[in-house]
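**Student:** Got a structure for you, written out below as structure tokens; questions coming shortly.
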Amino acid sequence: MPMHKFILTLTCLLALLAGTAHAQQQLEIIKLQSRTADQVLPQLRPFIEPGGALSGMNNQIFIRASDANRRQIRELLAAIDRPPRRLVISVRQDADSTSLARGGEVSGSVGSDRVRIESGRTVVSGTGVTVRRGDDVVRGQVYDSRNSGSERVAQQVQVVEGGRAYINVGTSVPVPLRQVVLTPGGAIVSESVVYRDLGTGFTAEPQLSGDMVTLTISPTHDTPGSHGPGSANVQRLTTTVSARLGEWMQIGGSVQEESADRDGTLRYSTRRGSTGRSVQLKVEELP
């Protein structure tokens, strides 16, 4: 057979086979019940057969594929196209602090009319003793104080699986703002007030697999600082964890310790302090 006739015959056979395969692929429109097309298409596309087509809009998807492949897609949709499960996320942020202060001093006035040595008193509370002889006064004092405190913050928010939840409770703190702009005519000074939000809360994104939940969470705990207007004590934590529904789990914590010692000829003081914080969460399914 001449070469050009062989090529022509082969081309016709290929076209016939392609036409037959295309004829076996039919278009089907499926109406979704609980999800949108944007939510289900990413999960279905890996299963469409070569040469098939899959698209969608709003609550409908369009499939052009063989009978077997369309049946496979429908079976997948039966598992995917269901109402999202409702969840409640609980977060506890606890803080415990202790402080210890100890010290002592000697103060008073000793000497003659011509030469007198005096030491001022600085400690305002504690156990002490005073000795007087004429114009001479000597005071001795020691103190030992202990303080402890705790803070418990519990928050809850509802969200559907795959959604994003955010909650924050706090206050807005005014912060003075001064701006100086240099111009050819001189400096222009403008003063205003901006507000900084301080509070406790978290952002969470849960994903479910059976009775296990994978959660990306970012809890925050901000309090006013002691270094002037606008200063703040800021705590940040971002993590991804997996847990069983209904179980508490600890996702983070911190310990901060401070100490200071002062020694002098007539006085000494020691201060110790520590603050420990922990963050726990639980995810439950709502009926």
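Residues in the structure tokens are named by chain (A, B, ... in the order shown) and by number from 1 within that chain; ligands are numbered from 1 in the order shown.
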I'd like to know which residues of stretch 73-231 of chain A are strand (DSSP E or B) (by DSSP, run on the backbone); could you write them as a ChimeraX atom specification?
**Tutor:** /A:86-111,116-119,127-133,136-160,165-183,186-209,212-224
**Student:** Take the residues from that selection and write them out as a short mmCIF file (atom, residue, chain, number, x, y, z; two decimals), in the first residue's frame, keeping C-alpha atoms.
**Tutor:**
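Saved the output as again.cif:
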data_model
loop_
_atom_site.label_atom_id
_atom_site.label_comp_id
_atom_site.auth_asym_id
_atom_site.auth_seq_id
_atom_site.Cartn_x
_atom_site.Cartn_y
_atom_site.Cartn_z
CA ARG A 86 -21.25 23.09 63.66
CA LEU A 87 -18.54 23.47 66.27
CA VAL A 88 -17.93 25.44 69.46
CA ILE A 89 -14.32 26.31 70.31
CA SER A 90 -13.42 26.98 73.97
CA VAL A 91 -10.12 28.60 74.92
CA ARG A 92 -8.79 29.13 78.45
CA GLN A 93 -5.88 31.47 79.15
CA ASP A 94 -4.64 31.23 82.74
CA ALA A 95 -1.98 33.25 84.53
CA ASP A 96 -0.49 32.77 88.02
CA SER A 97 1.98 35.19 89.59
CA THR A 98 3.97 35.24 92.82
CA SER A 99 6.27 37.85 94.30
CA LEU A 100 8.59 37.88 97.32
CA ALA A 101 10.20 40.92 98.90
CA ARG A 102 12.61 40.82 101.81
CA GLY A 103 14.86 43.45 103.33
CA GLY A 104 16.08 45.37 106.30
CA GLU A 105 17.66 48.66 107.25
CA VAL A 106 19.10 50.70 110.05
CA SER A 107 18.29 54.41 110.27
CA GLY A 108 18.49 57.19 112.80
CA SER A 109 20.63 59.99 114.10
CA VAL A 110 23.74 59.58 116.28
CA GLY A 111 26.37 62.12 117.31
CA ARG A 116 25.91 64.14 113.86
CA ILE A 117 25.43 61.18 111.54
CA GLU A 118 21.95 60.66 110.14
CA SER A 119 20.43 57.91 108.01
CA THR A 127 8.65 44.80 111.97
CA GLY A 128 11.08 47.16 113.67
CA VAL A 129 12.56 48.37 116.90
CA THR A 130 13.53 51.90 118.03
CA VAL A 131 16.23 52.74 120.61
CA ARG A 132 16.47 56.28 122.05
CA ARG A 133 19.15 57.78 124.28
CA ASP A 136 20.30 59.77 119.66
CA VAL A 137 17.74 57.61 117.87
CA VAL A 138 18.47 54.30 116.20
CA ARG A 139 15.81 52.32 114.33
CA GLY A 140 16.09 48.81 113.02
CA GLN A 141 13.52 47.29 110.71
CA VAL A 142 13.05 44.13 108.66
CA TYR A 143 10.27 43.16 106.30
CA ASP A 144 9.14 40.04 104.49
CA SER A 145 6.17 40.18 102.16
CA ARG A 146 4.66 37.61 99.81
CA ASN A 147 1.98 38.18 97.21
CA SER A 148 0.26 35.88 94.79
CA GLY A 149 -2.37 36.41 92.14
CA SER A 150 -4.17 34.60 89.38
CA GLU A 151 -6.10 35.47 86.25
CA ARG A 152 -8.54 33.19 84.44
CA VAL A 153 -9.96 34.07 81.04
CA ALA A 154 -12.37 31.69 79.28
CA GLN A 155 -13.85 32.39 75.84
CA GLN A 156 -16.10 30.49 73.43
CA VAL A 157 -17.09 31.01 69.82
CA GLN A 158 -19.18 28.99 67.34
CA VAL A 159 -17.99 28.19 63.82
CA VAL A 160 -18.70 25.69 61.04
CA ALA A 165 -13.63 32.21 63.90
CA TYR A 166 -12.43 35.37 65.65
CA ILE A 167 -13.21 36.75 69.10
CA ASN A 168 -11.56 39.52 71.10
CA VAL A 169 -12.65 41.26 74.30
CA GLY A 170 -10.78 44.26 75.65
CA THR A 171 -10.49 48.00 75.47
CA SER A 172 -9.17 50.74 73.21
CA VAL A 173 -6.37 52.80 74.76
CA PRO A 174 -5.78 56.40 73.55
CA VAL A 175 -2.22 57.05 72.37
CA PRO A 176 -1.00 60.65 71.76
CA LEU A 177 0.59 61.08 68.34
CA ARG A 178 2.77 64.00 67.28
CA GLN A 179 3.91 64.50 63.70
CA VAL A 180 6.45 67.01 62.45
CA VAL A 181 6.57 67.88 58.74
CA LEU A 182 9.40 70.00 57.39
CA THR A 183 8.32 72.46 54.69
CA GLY A 186 9.32 75.83 58.41
CA ALA A 187 8.23 72.91 60.53
CA ILE A 188 4.54 72.09 60.88
CA VAL A 189 3.61 70.23 64.05
CA SER A 190 0.33 68.36 64.27
CA GLU A 191 -0.98 66.50 67.29
CA SER A 192 -3.69 63.87 67.34
CA VAL A 193 -4.88 60.83 69.24
CA VAL A 194 -4.99 57.28 67.89
CA TYR A 195 -6.43 54.27 69.64
CA ARG A 196 -4.73 50.95 70.27
CA ASP A 197 -6.86 47.86 70.91
CA LEU A 198 -5.82 45.75 73.88
CA GLY A 199 -7.63 42.59 74.81
CA THR A 200 -7.81 38.83 74.99
CA GLY A 201 -9.04 36.64 72.16
CA PHE A 202 -8.13 34.17 69.43
CA THR A 203 -8.46 33.35 65.76
CA ALA A 204 -9.16 29.72 64.81
CA GLU A 205 -9.71 27.65 61.66
CA PRO A 206 -10.92 24.06 62.29
CA GLN A 207 -10.92 21.08 59.91
CA LEU A 208 -12.69 17.83 60.81
CA SER A 209 -11.89 14.20 60.02
CA MET A 212 -10.59 14.35 65.15
CA VAL A 213 -10.16 18.08 64.59
CA THR A 214 -7.11 19.87 63.19
CA LEU A 215 -7.04 23.46 64.34
CA THR A 216 -4.90 26.42 63.34
CA ILE A 217 -5.21 28.85 66.24
CA SER A 218 -3.67 32.19 67.25
CA PRO A 219 -4.56 33.27 70.82
CA THR A 220 -3.63 36.76 72.06
CA HIS A 221 -3.48 38.39 75.49
CA ASP A 222 -2.57 42.10 75.60
CA THR A 223 -2.59 44.30 78.71
CA PRO A 224 -1.58 47.94 79.31
#
**Student:** Where in stretch 25-244 of chain A does DSSP assign helix (DSSP H, G or I), given as a PyMOL selection string?
**Tutor:** chain A and resi 37-47+67-80
**Student:** Would you mind reading off the distance between atom CA of A:Leu44 and atom CA of A:Ala65, one decimal, in Å?
**Tutor:**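 Taking atom CA of A:Leu44 as the start and atom CA of A:Ala65 as the end point, the length is 12.8 Å.
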**Student:** In Å, rounded to a single decimal, give me how far atom CA of A:Gly51 is from atom CA of A:Leu77.
**Tutor:**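 These two atoms are separated by 20.4 Å.
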**Student:** Could you tell me how far atom CA of A:Gly225 sits from atom CA of A:Thr275, in Å to one decimal place?
**Tutor:**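 A separation of 15.2 Å between them.
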**Student:** Excluding A:Gln60 and residues on its chain fewer than 3 positions from it, collect all residues at most 6 Å away from it, counting only C-alpha atoms, and give them as a list of chain:residue names.
**Tutor:**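 Listed by chain and then number, they are A:Ile30, A:Lys31, A:Leu32, A:Gly56, A:Met57.
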**Student:** Quick one: everything within 10 Å of A:Ile48, counting only C-alpha atoms, minus sequence neighbours fewer than 3 positions away in the same chain. Send it as an mmCIF file with N, CA, C and O atoms, in the first residue's frame.
**Tutor:**
data_model
loop_
_atom_site.group_PDB
_atom_site.id
_atom_site.type_symbol
_atom_site.label_atom_id
_atom_site.label_comp_id
_atom_site.auth_asym_id
_atom_site.auth_seq_id
_atom_site.Cartn_x
_atom_site.Cartn_y
_atom_site.Cartn_z
ATOM 1 N N LEU A 44 -13.063 17.342 43.655
ATOM 2 C CA LEU A 44 -13.505 16.441 42.592
ATOM 3 C C LEU A 44 -12.554 16.409 41.400
ATOM 4 O O LEU A 44 -12.474 15.383 40.704
ATOM 5 N N ARG A 45 -11.844 17.494 41.130
ATOM 6 C CA ARG A 45 -11.033 17.580 39.902
ATOM 7 C C ARG A 45 -9.995 16.464 39.780
ATOM 8 O O ARG A 45 -9.747 15.980 38.670
ATOM 9 N N GLY A 51 -9.580 13.763 29.260
ATOM 10 C CA GLY A 51 -10.520 14.170 28.235
ATOM 11 C C GLY A 51 -11.852 14.638 28.775
ATOM 12 O O GLY A 51 -12.669 15.190 28.032
ATOM 13 N N GLY A 52 -12.121 14.431 30.063
ATOM 14 C CA GLY A 52 -13.361 14.877 30.671
ATOM 15 C C GLY A 52 -13.270 16.341 31.068
ATOM 16 O O GLY A 52 -12.200 16.956 31.072
ATOM 17 N N ALA A 53 -14.402 16.901 31.400
ATOM 18 C CA ALA A 53 -14.460 18.312 31.792
ATOM 19 C C ALA A 53 -15.338 18.441 33.021
ATOM 20 O O ALA A 53 -16.360 17.748 33.162
ATOM 21 N N LEU A 54 -14.928 19.350 33.917
ATOM 22 C CA LEU A 54 -15.656 19.564 35.166
ATOM 23 C C LEU A 54 -15.629 21.049 35.478
ATOM 24 O O LEU A 54 -14.571 21.682 35.530
ATOM 25 N N ILE A 63 -20.586 18.166 34.470
ATOM 26 C CA ILE A 63 -19.629 17.088 34.214
ATOM 27 C C ILE A 63 -19.829 16.587 32.791
ATOM 28 O O ILE A 63 -20.950 16.233 32.389
ATOM 29 N N ARG A 64 -18.745 16.542 32.027
ATOM 30 C CA ARG A 64 -18.749 15.856 30.727
ATOM 31 C C ARG A 64 -17.747 14.712 30.844
ATOM 32 O O ARG A 64 -16.536 14.924 30.873
ATOM 33 N N ALA A 65 -18.260 13.491 30.943
ATOM 34 C CA ALA A 65 -17.403 12.329 31.157
ATOM 35 C C ALA A 65 -18.197 11.077 30.795
ATOM 36 O O ALA A 65 -19.376 11.139 30.432
ATOM 37 N N SER A 66 -17.537 9.942 30.868
ATOM 38 C CA SER A 66 -18.187 8.660 30.587
ATOM 39 C C SER A 66 -19.157 8.307 31.698
ATOM 40 O O SER A 66 -19.149 8.913 32.781
ATOM 41 N N ASN A 69 -17.296 7.301 34.905
ATOM 42 C CA ASN A 69 -16.674 8.414 35.613
ATOM 43 C C ASN A 69 -17.721 9.317 36.262
ATOM 44 O O ASN A 69 -17.529 9.799 37.389
ATOM 45 N N ARG A 70 -18.854 9.519 35.581
ATOM 46 C CA ARG A 70 -19.902 10.335 36.186
ATOM 47 C C ARG A 70 -20.474 9.643 37.423
ATOM 48 O O ARG A 70 -20.808 10.288 38.419
ATOM 49 N N GLN A 72 -18.786 7.695 39.398
ATOM 50 C CA GLN A 72 -17.768 7.875 40.433
ATOM 51 C C GLN A 72 -17.871 9.267 41.061
ATOM 52 O O GLN A 72 -17.774 9.416 42.287
ATOM 53 N N ILE A 73 -18.083 10.286 40.243
ATOM 54 C CA ILE A 73 -18.204 11.647 40.753
ATOM 55 C C ILE A 73 -19.440 11.775 41.641
ATOM 56 O O ILE A 73 -19.411 12.418 42.700
#
